[in-house]
Amino acid sequence: MSAIRIDTVRVWDLPLRIFHWLLVLAIAAAYVTGEFGGSEWAQWHGRIGWLILGLLLFRLIWGVIGSWHARFANFLPTPARVIAYVRGEWQGVGHNPLGALSVVALLALVTAQVATGLFASDDIAFAGPLSNWIGKSASDRLTGWHEQIFYVLAGFIVLHVVAIAFYLLVRKSNLIAAMITGNKPGSGALQAWTEKPLAWRFLVAALVAATVSWWIFSSPPSLQAEAAAAPAATADW
Amino acid sequence: MNRKILLALSLSGMATVALGGPIEDQIRFRQSAYSFISWNTGKIKKQVVDQPATYNKEQVIAAANAIAAVANSGLSSLYGPGTDQGTGWRPTQLKSEFFQKPEEARRLAVAFNTAANELARVAPSGDLDAIKTQFGKLSETCKGCHNNFRQRD
């Protein structure tokens, strides 16, 4: 009987990879449209926020019904796993416990950004869909948080990139390629992975995510800070 | 002697008011100015950008004129020294950097005024596309100053 050596393992499924890279583009676009430009770009900032909300919802659902390595239950670290990893005793193929912690941190920060953004306003001509729900001063406060959280998120993104660079240059492990092809080179994959077809689950996840985010963004106009009404056309003062 | 002191104090008080008023007044007036501008930009945005079906030419002209009028009303006198601290209607959000970069502040203020004047010039044309474009440029000038000199909450 010959031993079967698994050299590359499909770790990241296609929906997950598409999600990751769409999120990268969306966050970059959100930064540019949020920081620069006038009211036209601000409108785009809102639409991109909508996209990010949908992507996040998709990831949350996928983390429950997706492929093995995408499921949070299968990689979220317990303190024991983290300690084992630091001691060099962790064995696995997907995210190692530190990587898993960074996934949690990044997802949490992006979620916080979107959540505060829903209530934010730029005091010029653009406001999020729920900006009037909690009143102006609360909206101002959340706008401030939306601006501050960005810096924390940016810091974690830098850390994320540095970590990937470290793995690439020092550990000789190309995680960028892994997130494109989905294949992670490495011997001794412990989780044999027979997958039921993902396509149906992907459709379900995508539909639910799209519906919920559409519902949030179609908030009734009364919830959105709106220009005070102009006088009726027939008013003479 | 007392009358002279009283006279000196009154004159200084009046001079301060003439220069733009005590700090709180300056802050309050400029907060009011931007608030009033915001009402008018909101009207233009709604009628020209969001819901063009509600476009009312006269109202947009009036709003653009109002914005230009405020822009041209000499707001610089409301940015006297020391007005980066204090409370008008609410605590001021002016950054202290404003006073360290007067040339930059001037450039941004002039850009705002220029854009506002242009919007007022374009509004009577009734050309929604042109108005929308110029409105976009105006909002960029708002953002320019905010990004540099307005404290984040």
# chains A, B, ... in the order shown; residues from 1 in each chain; ligands from 1
>>> select_by_dssp(residues="chain B", states="helix (DSSP H, G or I)", output="number ranges by chain")
B: 2-18, 23-50, 52-54, 57-71, 75-78, 97-100, 102-125, 128-149
>>> interface_residues(of="chain A", to="chain B", cutoff="6 Å", atoms="only C-alpha atoms", output="list in words")
Gly37, Gly38, Ser39, Gly144 and Ala227 of chain A
>>> atom_distance(atom1="atom CA of Val114 of chain A", atom2="atom CA of Gly135 of chain A")
18.3 Å
>>> residues_around(residues="Ala105 of chain A", least_positions_apart="2", cutoff="12 Å", atoms="only C-alpha atoms", output="PyMOL selection string")
chain A and resi 76+98-103+107-112+152-157+159-160
>>> write_last_selection(atoms="C-alpha atoms", output="tab-separated table (two decimals), in the first residue's frame")
chain	number	residue	atom	x	y	z
A	76	LEU	CA	-11.67	30.27	15.20
A	98	LEU	CA	-2.92	33.94	14.81
A	99	GLY	CA	-4.17	34.27	11.26
A	100	ALA	CA	-7.62	33.42	12.53
A	101	LEU	CA	-7.42	36.15	15.14
A	102	SER	CA	-6.52	38.65	12.45
A	103	VAL	CA	-9.51	37.52	10.39
A	107	LEU	CA	-13.96	41.50	9.94
A	108	ALA	CA	-14.96	43.16	13.20
A	109	LEU	CA	-13.35	46.46	12.22
A	110	VAL	CA	-14.86	46.52	8.75
A	111	THR	CA	-18.25	45.71	10.30
A	112	ALA	CA	-17.82	48.58	12.75
A	152	VAL	CA	-7.43	51.43	13.37
A	153	LEU	CA	-8.60	49.42	10.37
A	154	ALA	CA	-5.79	50.85	8.26
A	155	GLY	CA	-3.32	49.82	10.93
A	156	PHE	CA	-4.61	46.26	10.94
A	157	ILE	CA	-4.55	46.13	7.16
A	159	LEU	CA	-0.24	44.51	9.79
A	160	HIS	CA	-2.03	42.00	7.59
>>> residues_around(residues="segment 76-83 of chain B", least_positions_apart="3", cutoff="12 Å", atoms="only C-alpha atoms", output="PDB file with N, CA and C atoms, in the first residue's frame")
ATOM      1  N   THR B  16     -13.247  95.434  20.050  1.00  0.00           N
ATOM      2  CA  THR B  16     -13.304  93.971  19.930  1.00  0.00           C
ATOM      3  C   THR B  16     -14.551  93.547  19.171  1.00  0.00           C
ATOM      4  N   VAL B  17     -15.658  94.176  19.528  1.00  0.00           N
ATOM      5  CA  VAL B  17     -16.902  93.833  18.828  1.00  0.00           C
ATOM      6  C   VAL B  17     -16.792  94.210  17.368  1.00  0.00           C
ATOM      7  N   ALA B  18     -16.205  95.379  17.112  1.00  0.00           N
ATOM      8  CA  ALA B  18     -16.080  95.833  15.729  1.00  0.00           C
ATOM      9  C   ALA B  18     -15.229  94.861  14.922  1.00  0.00           C
ATOM     10  N   LEU B  19     -14.259  94.266  15.565  1.00  0.00           N
ATOM     11  CA  LEU B  19     -13.364  93.355  14.859  1.00  0.00           C
ATOM     12  C   LEU B  19     -14.020  92.007  14.583  1.00  0.00           C
ATOM     13  N   GLY B  20     -15.232  91.817  15.078  1.00  0.00           N
ATOM     14  CA  GLY B  20     -15.862  90.520  14.844  1.00  0.00           C
ATOM     15  C   GLY B  20     -16.487  90.021  16.122  1.00  0.00           C
ATOM     16  N   GLY B  21     -16.260  90.770  17.157  1.00  0.00           N
ATOM     17  CA  GLY B  21     -16.962  90.438  18.393  1.00  0.00           C
ATOM     18  C   GLY B  21     -16.161  89.510  19.267  1.00  0.00           C
ATOM     19  N   PRO B  22     -16.631  89.402  20.466  1.00  0.00           N
ATOM     20  CA  PRO B  22     -15.989  88.451  21.363  1.00  0.00           C
ATOM     21  C   PRO B  22     -15.980  87.078  20.713  1.00  0.00           C
ATOM     22  N   ILE B  23     -15.103  86.258  21.198  1.00  0.00           N
ATOM     23  CA  ILE B  23     -14.851  84.978  20.546  1.00  0.00           C
ATOM     24  C   ILE B  23     -16.120  84.172  20.349  1.00  0.00           C
ATOM     25  N   GLU B  24     -16.950  84.136  21.379  1.00  0.00           N
ATOM     26  CA  GLU B  24     -18.162  83.321  21.280  1.00  0.00           C
ATOM     27  C   GLU B  24     -19.083  83.799  20.158  1.00  0.00           C
ATOM     28  N   ASP B  25     -19.147  85.118  19.987  1.00  0.00           N
ATOM     29  CA  ASP B  25     -19.995  85.652  18.920  1.00  0.00           C
ATOM     30  C   ASP B  25     -19.497  85.206  17.547  1.00  0.00           C
ATOM     31  N   GLN B  26     -18.185  85.308  17.370  1.00  0.00           N
ATOM     32  CA  GLN B  26     -17.629  84.937  16.070  1.00  0.00           C
ATOM     33  C   GLN B  26     -17.958  83.481  15.749  1.00  0.00           C
ATOM     34  N   ILE B  27     -17.754  82.634  16.760  1.00  0.00           N
ATOM     35  CA  ILE B  27     -18.000  81.207  16.549  1.00  0.00           C
ATOM     36  C   ILE B  27     -19.462  80.975  16.222  1.00  0.00           C
ATOM     37  N   ARG B  28     -20.345  81.649  16.983  1.00  0.00           N
ATOM     38  CA  ARG B  28     -21.777  81.452  16.800  1.00  0.00           C
ATOM     39  C   ARG B  28     -22.217  81.908  15.413  1.00  0.00           C
ATOM     40  N   PHE B  29     -21.706  83.082  14.997  1.00  0.00           N
ATOM     41  CA  PHE B  29     -22.124  83.589  13.694  1.00  0.00           C
ATOM     42  C   PHE B  29     -21.646  82.688  12.563  1.00  0.00           C
ATOM     43  N   ARG B  30     -20.416  82.206  12.674  1.00  0.00           N
ATOM     44  CA  ARG B  30     -19.969  81.369  11.556  1.00  0.00           C
ATOM     45  C   ARG B  30     -20.655  80.006  11.571  1.00  0.00           C
ATOM     46  N   GLN B  31     -20.963  79.476  12.774  1.00  0.00           N
ATOM     47  CA  GLN B  31     -21.728  78.230  12.814  1.00  0.00           C
ATOM     48  C   GLN B  31     -23.096  78.434  12.174  1.00  0.00           C
ATOM     49  N   SER B  32     -23.689  79.596  12.431  1.00  0.00           N
ATOM     50  CA  SER B  32     -24.981  79.905  11.813  1.00  0.00           C
ATOM     51  C   SER B  32     -24.833  80.003  10.300  1.00  0.00           C
ATOM     52  N   ALA B  33     -23.741  80.629   9.879  1.00  0.00           N
ATOM     53  CA  ALA B  33     -23.516  80.805   8.432  1.00  0.00           C
ATOM     54  C   ALA B  33     -23.471  79.454   7.728  1.00  0.00           C
ATOM     55  N   TYR B  34     -22.688  78.536   8.278  1.00  0.00           N
ATOM     56  CA  TYR B  34     -22.544  77.243   7.613  1.00  0.00           C
ATOM     57  C   TYR B  34     -23.820  76.425   7.718  1.00  0.00           C
ATOM     58  N   VAL B  70     -23.755  84.366   1.434  1.00  0.00           N
ATOM     59  CA  VAL B  70     -23.059  84.071   2.689  1.00  0.00           C
ATOM     60  C   VAL B  70     -21.559  83.966   2.445  1.00  0.00           C
ATOM     61  N   ALA B  71     -21.196  83.294   1.354  1.00  0.00           N
ATOM     62  CA  ALA B  71     -19.771  83.133   1.059  1.00  0.00           C
ATOM     63  C   ALA B  71     -19.079  84.478   0.920  1.00  0.00           C
ATOM     64  N   ASN B  72     -19.790  85.436   0.327  1.00  0.00           N
ATOM     65  CA  ASN B  72     -19.189  86.737   0.064  1.00  0.00           C
ATOM     66  C   ASN B  72     -19.388  87.736   1.195  1.00  0.00           C
ATOM     67  N   SER B  73     -19.890  87.281   2.345  1.00  0.00           N
ATOM     68  CA  SER B  73     -20.225  88.239   3.405  1.00  0.00           C
ATOM     69  C   SER B  73     -19.052  88.573   4.314  1.00  0.00           C
ATOM     70  N   GLY B  86     -13.584  77.685  22.272  1.00  0.00           N
ATOM     71  CA  GLY B  86     -14.775  78.423  22.697  1.00  0.00           C
ATOM     72  C   GLY B  86     -16.027  77.787  22.149  1.00  0.00           C
ATOM     73  N   THR B  87     -17.121  78.340  22.573  1.00  0.00           N
ATOM     74  CA  THR B  87     -18.409  77.753  22.217  1.00  0.00           C
ATOM     75  C   THR B  87     -19.328  78.805  21.636  1.00  0.00           C
ATOM     76  N   GLY B  88     -19.898  78.509  20.484  1.00  0.00           N
ATOM     77  CA  GLY B  88     -20.927  79.371  19.923  1.00  0.00           C
ATOM     78  C   GLY B  88     -22.262  78.745  20.256  1.00  0.00           C
ATOM     79  N   PRO B  91     -19.504  73.771  20.863  1.00  0.00           N
ATOM     80  CA  PRO B  91     -18.053  73.981  20.852  1.00  0.00           C
ATOM     81  C   PRO B  91     -17.515  74.022  19.424  1.00  0.00           C
ATOM     82  N   THR B  92     -16.598  74.950  19.191  1.00  0.00           N
ATOM     83  CA  THR B  92     -16.088  75.099  17.841  1.00  0.00           C
ATOM     84  C   THR B  92     -15.266  73.890  17.421  1.00  0.00           C
ATOM     85  N   GLN B  93     -15.330  73.594  16.125  1.00  0.00           N
ATOM     86  CA  GLN B  93     -14.539  72.484  15.603  1.00  0.00           C
ATOM     87  C   GLN B  93     -13.336  72.967  14.807  1.00  0.00           C
ATOM     88  N   LEU B  94     -13.039  74.276  14.919  1.00  0.00           N
ATOM     89  CA  LEU B  94     -11.908  74.810  14.176  1.00  0.00           C
ATOM     90  C   LEU B  94     -10.610  74.284  14.772  1.00  0.00           C
ATOM     91  N   LYS B  95      -9.726  73.799  13.889  1.00  0.00           N
ATOM     92  CA  LYS B  95      -8.438  73.321  14.370  1.00  0.00           C
ATOM     93  C   LYS B  95      -7.476  74.493  14.536  1.00  0.00           C
ATOM     94  N   SER B  96      -6.584  74.382  15.497  1.00  0.00           N
ATOM     95  CA  SER B  96      -5.603  75.442  15.718  1.00  0.00           C
ATOM     96  C   SER B  96      -4.699  75.643  14.506  1.00  0.00           C
ATOM     97  N   GLU B  97      -4.551  74.566  13.736  1.00  0.00           N
ATOM     98  CA  GLU B  97      -3.704  74.652  12.534  1.00  0.00           C
ATOM     99  C   GLU B  97      -4.123  75.757  11.591  1.00  0.00           C
ATOM    100  N   PHE B  98      -5.412  76.115  11.674  1.00  0.00           N
ATOM    101  CA  PHE B  98      -5.943  77.164  10.816  1.00  0.00           C
ATOM    102  C   PHE B  98      -5.103  78.424  10.931  1.00  0.00           C
ATOM    103  N   PHE B  99      -4.662  78.728  12.152  1.00  0.00           N
ATOM    104  CA  PHE B  99      -3.909  79.954  12.363  1.00  0.00           C
ATOM    105  C   PHE B  99      -2.439  79.786  12.018  1.00  0.00           C
ATOM    106  N   GLN B 100      -1.998  78.534  11.882  1.00  0.00           N
ATOM    107  CA  GLN B 100      -0.602  78.305  11.506  1.00  0.00           C
ATOM    108  C   GLN B 100      -0.431  78.267   9.992  1.00  0.00           C
ATOM    109  N   PRO B 102      -2.181  80.307   7.392  1.00  0.00           N
ATOM    110  CA  PRO B 102      -3.130  81.310   6.898  1.00  0.00           C
ATOM    111  C   PRO B 102      -3.225  81.345   5.376  1.00  0.00           C
ATOM    112  N   ALA B 105      -5.441  78.505   4.386  1.00  0.00           N
ATOM    113  CA  ALA B 105      -6.821  78.819   4.760  1.00  0.00           C
ATOM    114  C   ALA B 105      -7.424  79.781   3.755  1.00  0.00           C
ATOM    115  N   ARG B 106      -6.652  80.768   3.385  1.00  0.00           N
ATOM    116  CA  ARG B 106      -7.136  81.761   2.435  1.00  0.00           C
ATOM    117  C   ARG B 106      -7.434  81.106   1.094  1.00  0.00           C
ATOM    118  N   ARG B 107      -6.540  80.255   0.652  1.00  0.00           N
ATOM    119  CA  ARG B 107      -6.712  79.589  -0.632  1.00  0.00           C
ATOM    120  C   ARG B 107      -8.008  78.774  -0.645  1.00  0.00           C
ATOM    121  N   LEU B 108      -8.244  78.034   0.444  1.00  0.00           N
ATOM    122  CA  LEU B 108      -9.439  77.197   0.507  1.00  0.00           C
ATOM    123  C   LEU B 108     -10.705  78.039   0.575  1.00  0.00           C
ATOM    124  N   ALA B 109     -10.613  79.165   1.309  1.00  0.00           N
ATOM    125  CA  ALA B 109     -11.780  80.028   1.433  1.00  0.00           C
ATOM    126  C   ALA B 109     -12.116  80.668   0.086  1.00  0.00           C
ATOM    127  N   VAL B 110     -11.104  81.102  -0.597  1.00  0.00           N
ATOM    128  CA  VAL B 110     -11.329  81.734  -1.914  1.00  0.00           C
ATOM    129  C   VAL B 110     -11.892  80.702  -2.890  1.00  0.00           C
ATOM    130  N   ASN B 113     -15.547  80.454  -2.200  1.00  0.00           N
ATOM    131  CA  ASN B 113     -16.278  81.610  -2.713  1.00  0.00           C
ATOM    132  C   ASN B 113     -16.406  81.566  -4.229  1.00  0.00           C
ATOM    133  N   PHE B 149      -9.019  71.743   8.244  1.00  0.00           N
ATOM    134  CA  PHE B 149      -9.116  72.614   9.419  1.00  0.00           C
ATOM    135  C   PHE B 149     -10.300  72.335  10.328  1.00  0.00           C
TER     136      PHE B 149
END
>>> closest_residue(among="A:Phe126, A:Phe119, A:Trp68, A:Trp62", to="Leu207 of chain A", atoms="only C-alpha atoms")
A:Trp62
>>> decode(residues="segment 92-124 of chain A", atoms="N, CA and C atoms", output="tab-separated table (two decimals), in the first residue's frame")
chain	number	residue	atom	x	y	z
A	92	GLY	N	-2.22	22.30	11.04
A	92	GLY	CA	-3.45	22.50	10.28
A	92	GLY	C	-3.09	23.08	8.93
A	93	VAL	N	-4.10	23.29	8.13
A	93	VAL	CA	-3.83	23.77	6.79
A	93	VAL	C	-4.42	25.15	6.56
A	94	GLY	N	-5.57	25.39	7.12
A	94	GLY	CA	-6.20	26.69	6.93
A	94	GLY	C	-5.51	27.74	7.75
A	95	HIS	N	-6.28	28.71	8.18
A	95	HIS	CA	-5.68	29.76	9.00
A	95	HIS	C	-5.11	29.19	10.28
A	96	ASN	N	-3.85	29.54	10.56
A	96	ASN	CA	-3.33	29.20	11.88
A	96	ASN	C	-4.00	30.13	12.88
A	97	PRO	N	-3.92	29.81	14.19
A	97	PRO	CA	-4.69	30.59	15.17
A	97	PRO	C	-4.41	32.09	15.12
A	98	LEU	N	-3.17	32.50	14.87
A	98	LEU	CA	-2.92	33.94	14.81
A	98	LEU	C	-3.58	34.55	13.57
A	99	GLY	N	-3.49	33.82	12.46
A	99	GLY	CA	-4.17	34.27	11.26
A	99	GLY	C	-5.66	34.38	11.51
A	100	ALA	N	-6.19	33.41	12.23
A	100	ALA	CA	-7.62	33.42	12.53
A	100	ALA	C	-7.99	34.64	13.36
A	101	LEU	N	-7.15	34.96	14.33
A	101	LEU	CA	-7.42	36.15	15.14
A	101	LEU	C	-7.43	37.40	14.28
A	102	SER	N	-6.54	37.45	13.29
A	102	SER	CA	-6.52	38.65	12.45
A	102	SER	C	-7.75	38.70	11.57
A	103	VAL	N	-8.26	37.53	11.14
A	103	VAL	CA	-9.51	37.52	10.39
A	103	VAL	C	-10.61	38.12	11.23
A	104	VAL	N	-10.70	37.67	12.47
A	104	VAL	CA	-11.73	38.19	13.37
A	104	VAL	C	-11.58	39.69	13.53
A	105	ALA	N	-10.35	40.14	13.78
A	105	ALA	CA	-10.13	41.57	14.00
A	105	ALA	C	-10.52	42.38	12.77
A	106	LEU	N	-10.08	41.93	11.60
A	106	LEU	CA	-10.38	42.68	10.38
A	106	LEU	C	-11.88	42.69	10.09
A	107	LEU	N	-12.52	41.54	10.20
A	107	LEU	CA	-13.96	41.50	9.94
A	107	LEU	C	-14.71	42.39	10.93
A	108	ALA	N	-14.29	42.34	12.20
A	108	ALA	CA	-14.96	43.16	13.20
A	108	ALA	C	-14.80	44.65	12.90
A	109	LEU	N	-13.58	45.04	12.49
A	109	LEU	CA	-13.35	46.46	12.22
A	109	LEU	C	-14.11	46.92	10.99
A	110	VAL	N	-14.13	46.11	9.94
A	110	VAL	CA	-14.86	46.52	8.75
A	110	VAL	C	-16.35	46.61	9.08
A	111	THR	N	-16.84	45.66	9.88
A	111	THR	CA	-18.25	45.71	10.30
A	111	THR	C	-18.53	47.00	11.07
A	112	ALA	N	-17.63	47.35	11.97
A	112	ALA	CA	-17.82	48.58	12.75
A	112	ALA	C	-17.83	49.79	11.83
A	113	GLN	N	-16.95	49.79	10.84
A	113	GLN	CA	-16.93	50.89	9.87
A	113	GLN	C	-18.27	51.02	9.16
A	114	VAL	N	-18.77	49.90	8.65
A	114	VAL	CA	-20.04	49.95	7.93
A	114	VAL	C	-21.17	50.37	8.87
A	115	ALA	N	-21.17	49.79	10.06
A	115	ALA	CA	-22.25	50.09	11.00
A	115	ALA	C	-22.28	51.58	11.34
A	116	THR	N	-21.13	52.16	11.65
A	116	THR	CA	-21.12	53.59	11.98
A	116	THR	C	-21.42	54.43	10.74
A	117	GLY	N	-20.98	53.94	9.59
A	117	GLY	CA	-21.21	54.68	8.36
A	117	GLY	C	-22.68	54.84	8.03
A	118	LEU	N	-23.49	53.83	8.40
A	118	LEU	CA	-24.92	53.91	8.13
A	118	LEU	C	-25.54	55.14	8.77
A	119	PHE	N	-24.96	55.57	9.88
A	119	PHE	CA	-25.54	56.69	10.62
A	119	PHE	C	-24.79	58.00	10.39
A	120	ALA	N	-23.75	57.96	9.57
A	120	ALA	CA	-22.86	59.12	9.49
A	120	ALA	C	-23.38	60.17	8.51
A	121	SER	N	-22.76	61.35	8.60
A	121	SER	CA	-23.11	62.44	7.70
A	121	SER	C	-21.86	63.29	7.51
A	122	ASP	N	-21.73	63.88	6.32
A	122	ASP	CA	-20.53	64.70	6.12
A	122	ASP	C	-20.80	66.18	6.32
A	123	ASP	N	-22.01	66.49	6.77
A	123	ASP	CA	-22.37	67.88	7.06
A	123	ASP	C	-22.34	68.76	5.82
A	124	ILE	N	-22.21	68.17	4.67
A	124	ILE	CA	-22.21	68.97	3.44
A	124	ILE	C	-23.44	68.59	2.62
